[in-house]
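J.: Here you go, structure_33.txt (compact mmCIF, C-alpha atoms and all ligand atoms):
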# COMPACT_ATOMS: atom_id res chain seq x y z
CA MET A 1 24.51 56.36 -57.21
CA ASP A 2 22.31 58.19 -54.74
CA LYS A 3 24.08 58.29 -51.36
CA GLU A 4 20.81 59.19 -49.65
CA ALA A 5 19.11 55.95 -50.73
CA GLN A 6 17.60 54.13 -47.78
CA TYR A 7 15.14 51.40 -46.91
CA GLY A 8 11.88 52.12 -45.08
CA GLY A 9 11.90 52.50 -41.29
CA ASP A 10 10.36 49.06 -40.77
CA TYR A 11 12.84 47.22 -43.07
CA LYS A 12 14.04 43.93 -41.58
CA PHE A 13 15.00 40.35 -42.32
CA ILE A 14 11.91 38.13 -42.55
CA PRO A 15 12.40 34.61 -41.17
CA ALA A 16 10.23 32.83 -43.73
CA THR A 17 11.52 30.34 -46.23
CA SER A 18 10.53 27.51 -48.57
CA VAL A 19 11.93 24.29 -49.99
CA ALA A 20 12.70 26.24 -53.18
CA SER A 21 15.01 28.75 -51.48
CA GLY A 22 18.30 28.87 -53.38
CA MET A 23 16.78 27.08 -56.35
CA GLN A 24 18.10 28.15 -59.73
CA LEU A 25 16.23 27.29 -62.92
CA GLU A 26 16.93 28.03 -66.55
CA ILE A 27 13.57 28.87 -68.08
CA ALA A 28 14.93 29.83 -71.49
CA PRO A 29 18.56 30.01 -72.66
CA ASP A 30 18.62 33.63 -71.51
CA ILE A 31 16.09 33.59 -68.65
CA PHE A 32 17.23 32.33 -65.31
CA SER A 33 15.10 32.31 -62.20
CA PHE A 34 16.53 32.38 -58.72
CA THR A 35 14.55 31.82 -55.54
CA VAL A 36 15.41 33.78 -52.41
CA GLN A 37 13.52 32.32 -49.44
CA ILE A 38 9.95 32.78 -50.72
CA VAL A 39 10.35 35.06 -53.74
CA ASN A 40 11.70 34.67 -57.26
CA LEU A 41 13.87 37.04 -59.21
CA CYS A 42 15.14 36.69 -62.77
CA PHE A 43 18.38 37.23 -64.59
CA VAL A 44 17.71 37.94 -68.26
CA GLY A 45 20.70 37.70 -70.58
CA THR A 46 22.86 35.13 -72.29
CA PRO A 47 25.74 33.70 -70.23
CA GLY A 48 29.04 34.46 -71.90
CA GLN A 49 27.88 37.84 -73.13
CA LYS A 50 28.35 39.40 -69.69
CA GLU A 51 25.36 41.66 -70.22
CA PHE A 52 22.17 41.04 -68.37
CA VAL A 53 19.31 42.62 -66.50
CA ILE A 54 17.90 41.67 -63.11
CA VAL A 55 14.14 41.63 -62.66
CA ASP A 56 13.20 42.27 -59.02
CA ALA A 57 15.59 42.35 -56.10
CA GLY A 58 14.83 39.65 -53.55
CA MET A 59 14.28 39.67 -49.82
CA PRO A 60 15.92 41.86 -47.19
CA GLY A 61 19.48 40.67 -46.57
CA SER A 62 19.81 38.66 -49.79
CA ALA A 63 22.24 40.89 -51.74
CA GLU A 64 25.26 38.63 -51.32
CA ASP A 65 23.35 35.57 -52.53
CA ILE A 66 22.13 37.47 -55.59
CA ILE A 67 25.58 38.81 -56.44
CA THR A 68 27.10 35.33 -56.07
CA ALA A 69 24.43 33.77 -58.29
CA ALA A 70 25.00 36.46 -60.93
CA GLN A 71 28.76 35.89 -60.86
CA GLU A 72 28.31 32.15 -61.19
CA ARG A 73 26.09 32.58 -64.23
CA PHE A 74 27.72 35.49 -66.02
CA GLY A 75 31.30 35.52 -64.70
CA GLY A 76 33.10 37.26 -61.89
CA ASP A 77 33.52 40.58 -63.64
CA SER A 78 30.02 40.69 -65.07
CA LYS A 79 27.69 43.52 -64.29
CA PRO A 80 23.97 43.89 -64.97
CA LYS A 81 22.82 46.84 -67.05
CA ALA A 82 19.86 47.63 -64.82
CA ILE A 83 17.33 46.35 -62.33
CA ILE A 84 13.70 46.31 -63.46
CA LEU A 85 11.11 46.16 -60.68
CA THR A 86 7.71 44.59 -61.23
CA HIS A 87 6.62 46.55 -58.15
CA GLY A 88 8.01 47.90 -54.90
CA HIS A 89 6.84 45.47 -52.21
CA PHE A 90 9.50 44.60 -49.62
CA ASP A 91 10.03 41.10 -51.02
CA HIS A 92 10.83 42.49 -54.48
CA VAL A 93 13.13 45.36 -53.42
CA GLY A 94 14.75 43.65 -50.43
CA ALA A 95 18.35 43.88 -51.63
CA VAL A 96 18.03 46.62 -54.25
CA ILE A 97 20.09 49.27 -52.44
CA GLU A 98 23.08 46.97 -51.91
CA LEU A 99 22.83 45.79 -55.53
CA VAL A 100 22.77 49.37 -56.84
CA GLN A 101 25.71 50.25 -54.61
CA HIS A 102 27.67 47.19 -55.68
CA TRP A 103 27.18 47.67 -59.41
CA ASN A 104 26.26 51.34 -59.68
CA ILE A 105 23.34 50.67 -62.02
CA PRO A 106 19.92 52.27 -62.58
CA VAL A 107 16.56 50.90 -61.40
CA TYR A 108 13.38 51.14 -63.49
CA ALA A 109 9.76 50.87 -62.41
CA HIS A 110 6.35 52.03 -63.59
CA GLU A 111 5.62 55.70 -63.03
CA ALA A 112 2.69 54.88 -60.72
CA GLU A 113 5.01 52.86 -58.47
CA LEU A 114 7.57 55.66 -58.04
CA PRO A 115 5.96 57.27 -54.95
CA TYR A 116 6.52 53.95 -53.12
CA LEU A 117 10.14 53.83 -54.27
CA THR A 118 11.09 57.38 -53.46
CA GLY A 119 9.86 57.59 -49.87
CA LYS A 120 6.71 59.53 -50.74
CA ALA A 121 3.91 57.02 -50.08
CA SER A 122 3.50 53.87 -47.97
CA TYR A 123 1.69 50.82 -49.27
CA PRO A 124 -1.50 49.99 -47.37
CA GLU A 125 -0.89 47.97 -44.20
CA PRO A 126 -0.88 44.22 -44.93
CA ASP A 127 -4.26 42.69 -44.11
CA ALA A 128 -3.81 40.03 -41.43
CA THR A 129 -7.58 39.52 -41.24
CA VAL A 130 -7.86 38.35 -44.84
CA GLU A 131 -9.12 34.85 -45.61
CA GLY A 132 -6.09 32.62 -46.02
CA GLY A 133 -3.47 31.01 -43.83
CA LEU A 134 -0.52 31.64 -41.58
CA VAL A 135 1.48 33.81 -43.96
CA ALA A 136 -1.49 36.18 -44.02
CA LYS A 137 -1.49 36.13 -40.21
CA MET A 138 2.26 36.89 -40.19
CA SER A 139 1.89 39.70 -42.68
CA PRO A 140 1.78 42.58 -40.13
CA MET A 141 5.50 42.01 -39.63
CA PHE A 142 6.12 42.64 -43.33
CA PRO A 143 7.62 46.05 -44.07
CA ASN A 144 5.21 48.43 -45.83
CA GLU A 145 7.03 51.72 -45.39
CA PRO A 146 8.55 53.02 -48.62
CA ILE A 147 12.11 52.60 -49.66
CA ASN A 148 13.76 55.74 -50.97
CA LEU A 149 15.87 55.08 -54.05
CA GLY A 150 16.12 58.79 -54.79
CA SER A 151 17.75 59.53 -58.13
CA ASP A 152 18.63 55.85 -58.70
CA VAL A 153 15.08 54.95 -59.79
CA HIS A 154 13.61 55.94 -63.14
CA SER A 155 10.27 55.63 -64.87
CA LEU A 156 9.93 52.88 -67.47
CA PRO A 157 9.73 54.33 -71.02
CA ALA A 158 6.14 55.28 -71.95
CA ASP A 159 6.36 53.38 -75.25
CA GLY A 160 6.27 50.00 -73.48
CA SER A 161 9.89 49.12 -74.16
CA VAL A 162 12.07 47.74 -71.39
CA PRO A 163 15.53 49.29 -71.03
CA HIS A 164 18.30 46.86 -72.06
CA LEU A 165 15.77 44.10 -72.89
CA PRO A 166 15.01 44.72 -76.57
CA GLY A 167 12.68 41.73 -77.11
CA PHE A 168 10.49 42.52 -74.12
CA ARG A 169 7.67 44.94 -73.46
CA TRP A 170 6.16 45.91 -70.14
CA VAL A 171 2.46 45.45 -69.52
CA HIS A 172 0.75 47.51 -66.83
CA THR A 173 -0.92 45.03 -64.47
CA PRO A 174 -2.22 47.05 -61.50
CA GLY A 175 -4.39 45.79 -58.64
CA HIS A 176 -1.77 44.18 -56.43
CA SER A 177 -0.08 47.59 -56.48
CA PRO A 178 -0.83 50.70 -58.57
CA GLY A 179 2.26 50.55 -60.76
CA HIS A 180 2.66 46.81 -61.01
CA VAL A 181 4.09 45.64 -64.35
CA SER A 182 4.67 42.29 -65.99
CA LEU A 183 7.26 41.73 -68.73
CA PHE A 184 6.38 39.87 -71.92
CA ARG A 185 8.46 38.69 -74.88
CA ASP A 186 6.43 38.01 -78.04
CA SER A 187 9.05 35.84 -79.77
CA ASP A 188 8.77 32.94 -77.30
CA ARG A 189 5.75 34.18 -75.28
CA ALA A 190 7.77 34.25 -72.08
CA LEU A 191 6.07 36.13 -69.26
CA ILE A 192 7.62 37.49 -66.10
CA ALA A 193 4.41 38.10 -64.20
CA GLY A 194 5.57 39.52 -60.87
CA ASP A 195 2.71 39.18 -58.40
CA ALA A 196 -0.12 39.80 -60.92
CA PHE A 197 -0.81 36.11 -60.40
CA VAL A 198 1.32 33.51 -58.66
CA THR A 199 1.63 29.72 -58.76
CA VAL A 200 1.50 29.04 -55.04
CA LYS A 201 -1.18 29.88 -52.52
CA GLN A 202 0.98 32.58 -50.93
CA GLU A 203 -1.25 33.08 -47.88
CA SER A 204 -0.72 29.51 -46.67
CA LEU A 205 2.51 28.82 -44.76
CA TYR A 206 2.30 25.12 -45.52
CA LYS A 207 1.88 25.65 -49.24
CA VAL A 208 4.62 28.28 -49.30
CA LEU A 209 7.00 25.98 -47.40
CA THR A 210 6.30 23.03 -49.68
CA GLN A 211 5.79 25.14 -52.83
CA GLN A 212 2.75 23.11 -53.83
CA GLN A 213 1.97 24.34 -57.34
CA GLU A 214 -1.45 25.89 -57.80
CA ILE A 215 -2.59 28.91 -59.80
CA SER A 216 -3.54 31.73 -57.51
CA GLY A 217 -4.38 35.42 -57.67
CA PRO A 218 -1.99 38.00 -56.26
CA PRO A 219 -0.98 37.52 -52.60
CA ARG A 220 -4.14 38.45 -50.71
CA TYR A 221 -2.73 40.26 -47.69
CA LEU A 222 -1.12 42.93 -49.90
CA THR A 223 -3.71 43.37 -52.65
CA PRO A 224 -5.99 46.38 -52.22
CA ASP A 225 -7.75 46.59 -55.62
CA TRP A 226 -9.35 43.32 -56.68
CA LYS A 227 -11.20 44.65 -59.70
CA ALA A 228 -8.01 45.99 -61.24
CA ALA A 229 -6.24 42.74 -60.30
CA TRP A 230 -8.86 40.74 -62.22
CA ASP A 231 -8.54 42.98 -65.28
CA SER A 232 -4.77 42.53 -65.12
CA VAL A 233 -5.05 38.74 -65.15
CA LYS A 234 -7.40 38.99 -68.17
CA LYS A 235 -4.80 41.14 -69.92
CA LEU A 236 -2.07 38.56 -69.27
CA GLU A 237 -4.21 35.61 -70.29
CA ALA A 238 -4.96 37.34 -73.61
CA LEU A 239 -1.21 37.32 -74.34
CA LYS A 240 -1.33 33.50 -74.32
CA PRO A 241 2.00 33.11 -72.53
CA PHE A 242 3.86 29.87 -73.11
CA VAL A 243 5.82 30.07 -69.88
CA ALA A 244 5.29 32.22 -66.81
CA ILE A 245 7.72 33.03 -64.04
CA THR A 246 5.77 34.46 -61.15
CA GLY A 247 6.97 36.32 -58.07
CA HIS A 248 6.10 33.35 -55.90
CA GLY A 249 5.88 29.65 -56.72
CA ALA A 250 7.47 27.54 -59.42
CA PRO A 251 7.41 28.54 -63.10
CA MET A 252 4.46 27.17 -65.10
CA ALA A 253 4.32 26.39 -68.82
CA GLY A 254 2.42 24.89 -71.73
CA GLU A 255 -1.04 23.36 -71.38
CA LEU A 256 -1.00 23.58 -67.59
CA LEU A 257 -0.35 27.33 -67.75
CA ALA A 258 -2.96 27.90 -70.46
CA GLU A 259 -5.63 25.93 -68.60
CA SER A 260 -4.77 27.39 -65.21
CA LEU A 261 -4.78 30.98 -66.44
CA HIS A 262 -8.05 30.45 -68.26
CA ARG A 263 -9.59 29.05 -65.09
CA LEU A 264 -8.20 31.93 -63.02
CA VAL A 265 -9.81 34.44 -65.41
CA GLN A 266 -13.15 32.60 -65.34
CA GLU A 267 -13.21 31.96 -61.60
CA PHE A 268 -11.18 34.87 -60.27
CA ASP A 269 -13.95 35.73 -57.80
CA THR A 270 -13.73 32.33 -56.13
CA ILE A 271 -10.03 31.46 -56.66
CA ALA A 272 -8.42 34.83 -56.02
CA ILE A 273 -10.72 37.29 -54.27
CA PRO A 274 -10.90 36.48 -50.56
CA ASP A 275 -14.29 35.90 -48.96
CA TYR A 276 -13.42 38.37 -46.24
CA GLY A 277 -10.73 40.91 -45.48
CA LYS A 278 -10.05 44.64 -45.33
CA TYR A 279 -10.04 45.15 -49.09
CA VAL A 280 -13.20 43.27 -49.98
CA ASP A 281 -16.74 44.35 -49.23
CA GLY A 282 -17.56 41.48 -46.89
CA GLU A 283 -20.19 39.99 -49.17
CA SER A 284 -19.58 36.40 -50.12
CA HIS A 285 -18.28 35.84 -53.63
ZN ZN A 301 3.82 42.00 -54.05
ZN ZN A 302 5.65 39.30 -53.76
How does this structure look as structure tokens?

T.:
Amino acid sequence: MDKEAQYGGDYKFIPATSVASGMQLEIAPDIFSFTVQIVNLCFVGTPGQKEFVIVDAGMPGSAEDIITAAQERFGGDSKPKAIILTHGHFDHVGAVIELVQHWNIPVYAHEAELPYLTGKASYPEPDATVEGGLVAKMSPMFPNEPINLGSDVHSLPADGSVPHLPGFRWVHTPGHSPGHVSLFRDSDRALIAGDAFVTVKQESLYKVLTQQQEISGPPRYLTPDWKAAWDSVKKLEALKPFVAITGHGAPMAGELLAESLHRLVQEFDTIAIPDYGKYVDGESH
């Protein structure tokens, strides 16, 4: 455990929540999703076997809730093997330091995300001017300074395998962030998509609060590269996932997922890319 590990200078609790906060859903016998305020994380592993992996690490201040949920599912003396990060945004690494300290476990992320996880580079400032709603307007309060996980964070294996998750492979899905990854399991076509696409219009406070389900591109206020983001959605659609757990919004499956993803790929310029904002050219799409 790296004793020097620390959050970014602007790390803080974010007072935003949703009706889904605290919700726990079993997506597959060994995939469990857990909602912390406005973000989802996953436990992957079979209860009773006491071995599991956590994908993403919740909001600032949520460590105790995550540890309790893990104990309830896997037993009091259970311990995850590792934490896999889809990317390093504040709402996906919010409790990672406390979790690493509690369990003394390694963290894995894509190589291109490591500068943002080792204190070397800050994400671009959130874009409060982007087309969207109140969450976009609130976004300047979101931390964007890098966390420093020091020697606790490691690069995902180059061969596409995911440590401690033998059936899964990681898929590079940049755009929302440079080293964003999604996790895919071929046997049941389960996809943990991170923020490559989400199932709630994350810019809208009303839709976040009520969790109205709707396919959407990556959260607009934090997405700097829309062309890469589109290519990433095409890559995920080509996998033909049967069920998708996204970083925000409720899980989606079956026909609804297939149709929604197809539509997102076809109409990404109108559904996902904002009409205006810092990271678009200002021309109408
Ligand atoms: Zn994100
Ligand atoms: Zn997110």

J.: Can you tell me, as a list in words, what residues are no more than 9 Å from Ala112 in chain A when counting all atoms listed in the file, ignoring any on the same chain fewer than 5 positions away?

T.: Ser155, Ser177, Pro178, Gly179 and His180 of chain A

J.: Put those residues in a file: C-alpha atoms, as a short mmCIF file (atom, residue, chain, number, x, y, z; two decimals), in the coordinates of the input.

T.:
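What follows is the written file again31.cif:
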data_model
loop_
_atom_site.label_atom_id
_atom_site.label_comp_id
_atom_site.auth_asym_id
_atom_site.auth_seq_id
_atom_site.Cartn_x
_atom_site.Cartn_y
_atom_site.Cartn_z
CA SER A 155 10.27 55.63 -64.87
CA SER A 177 -0.08 47.59 -56.48
CA PRO A 178 -0.83 50.70 -58.57
CA GLY A 179 2.26 50.55 -60.76
CA HIS A 180 2.66 46.81 -61.01
#

J.: For Leu222 in chain A, which residue among A:Ala258, A:Leu117, A:Val171, A:Ala196 is the nearest when counting all atoms listed in the file?

T.: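 Answer, going by the shortest atom-to-atom distance: A:Ala196.
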
J.: Any idea what's packed within 12 Å of Lys120 in chain A, counting all atoms listed in the file, ignoring anything in its chain fewer than 2 positions away? Could you give it as a list in words?

T.: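 Close residues of Lys120 in chain A: Gly8, Ala112, Glu113, Leu114, Pro115, Tyr116, Leu117, Thr118, Ser122, Tyr123, Glu145, Pro146, Ile147, Asn148, Leu149 and Gly150 of chain A.
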
J.: Could you give me the residues within 9 Å of ligand ZN 301 (chain A), counting all atoms listed in the file, as a short mmCIF file (atom, residue, chain, number, x, y, z; two decimals) with C-alpha atoms, keeping the file's coordinate frame?

T.:
data_model
loop_
_atom_site.label_atom_id
_atom_site.label_comp_id
_atom_site.auth_asym_id
_atom_site.auth_seq_id
_atom_site.Cartn_x
_atom_site.Cartn_y
_atom_site.Cartn_z
CA THR A 86 7.71 44.59 -61.23
CA HIS A 87 6.62 46.55 -58.15
CA GLY A 88 8.01 47.90 -54.90
CA HIS A 89 6.84 45.47 -52.21
CA PHE A 90 9.50 44.60 -49.62
CA ASP A 91 10.03 41.10 -51.02
CA HIS A 92 10.83 42.49 -54.48
CA HIS A 176 -1.77 44.18 -56.43
CA SER A 177 -0.08 47.59 -56.48
CA HIS A 180 2.66 46.81 -61.01
CA GLY A 194 5.57 39.52 -60.87
CA ASP A 195 2.71 39.18 -58.40
CA ALA A 196 -0.12 39.80 -60.92
CA PRO A 218 -1.99 38.00 -56.26
CA PRO A 219 -0.98 37.52 -52.60
CA LEU A 222 -1.12 42.93 -49.90
CA THR A 223 -3.71 43.37 -52.65
CA GLY A 247 6.97 36.32 -58.07
#

J.: Fewer than 5 positions away in the same chain doesn't count, so skip those; otherwise give me all residues within 9 Å of Trp103 in chain A, counting all atoms listed in the file, as a PyMOL selection string.

T.: chain A and resi 79-81+98

J.: Separation of CA of Leu134 in chain A and CA of Phe13 in chain A, in Å?

T.: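 According to the coordinates, CA of Leu134 in chain A and CA of Phe13 in chain A are separated by 17.8 Å.
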
J.: Please list, as a list in words, the residues that have an atom at most 12 Å away from (-11.0, 51.6, -48.0) in the coordinates of this file, counting all atoms listed in the file.

T.: Pro124, Glu125, Asp127, Thr223, Pro224, Asp225, Gly277, Lys278, Tyr279, Val280 and Asp281 of chain A

J.: For the residues in that selection, give me C-alpha atoms as a JSON list (two decimals), in the coordinates of the input.

T.:
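Below is the file that was written, selection-v4.json:
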[["chain", "number", "residue", "atom", "x", "y", "z"],
["A", 124, "PRO", "CA", -1.50, 49.99, -47.37],
["A", 125, "GLU", "CA", -0.89, 47.97, -44.20],
["A", 127, "ASP", "CA", -4.26, 42.69, -44.11],
["A", 223, "THR", "CA", -3.71, 43.37, -52.65],
["A", 224, "PRO", "CA", -5.99, 46.38, -52.22],
["A", 225, "ASP", "CA", -7.75, 46.59, -55.62],
["A", 277, "GLY", "CA", -10.73, 40.91, -45.48],
["A", 278, "LYS", "CA", -10.05, 44.64, -45.33],
["A", 279, "TYR", "CA", -10.04, 45.15, -49.09],
["A", 280, "VAL", "CA", -13.20, 43.27, -49.98],
["A", 281, "ASP", "CA", -16.74, 44.35, -49.23]]

J.: Between A:Glu26, A:Asp231, A:Glu203, A:Glu214, which one has atoms that come closest to ligand ZN 302 (chain A), using all atoms listed in the file?

T.: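 Residue with the minimum atom-to-atom distance to ligand ZN 302 (chain A): A:Glu203.
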
J.: So what do you get for CA of Met1 in chain A versus CA of Val100 in chain A, distance-wise?

T.: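 Result for CA of Met1 in chain A versus CA of Val100 in chain A: 7.2 Å, one decimal.
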
J.: Which of these, A:Tyr276, A:Trp230, A:Phe168, A:Phe142, has the shortest distance to Val44 in chain A once you count all atoms listed in the file?

T.: A:Phe168

J.: Which of these, A:Tyr221, A:Phe268, A:Phe197, A:Tyr7, has the shortest distance to Ala250 in chain A once you count only C-alpha atoms?

T.: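 Smallest distance to Ala250 in chain A is found for A:Phe197.
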
J.: Expressed in Å to a single decimal, how great is the separation between CA of Thr270 in chain A and CA of Ala238 in chain A?

T.: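 Spanning CA of Thr270 in chain A to CA of Ala238 in chain A is a straight-line distance of 20.2 Å.
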
J.: From the list A:Asp152, A:Glu131, A:Glu267, A:Glu259, which residue is nearest Arg220 in chain A when using all atoms listed in the file?

T.: A:Glu131

J.: Which is closest to ligand ZN 302 (chain A) among A:Arg263, A:His248, A:Lys240, A:Arg73, if we use all atoms listed in the file?

T.: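 Of A:Arg263, A:His248, A:Lys240, A:Arg73, the one nearest ligand ZN 302 (chain A), counting all atoms listed in the file, is A:His248.
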
J.: Would you list the residues near (12.1, 47.8, -61.4) (no more than 9 Å away, in the coordinates of the file, using all atoms listed in the file) as a PyMOL selection string?

T.: chain A and resi 54-57+82-88+92-93+107-110+153-156+181

J.: Give me, as a list in words, all polymer residues having an atom no more than 7 Å from Gly94 in chain A, counting all atoms listed in the file and skipping those fewer than 6 positions away in the same chain.

T.: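 Using all atoms listed in the file, the neighbours found are Ala57, Gly58, Met59, Pro60 and Gly61 of chain A.
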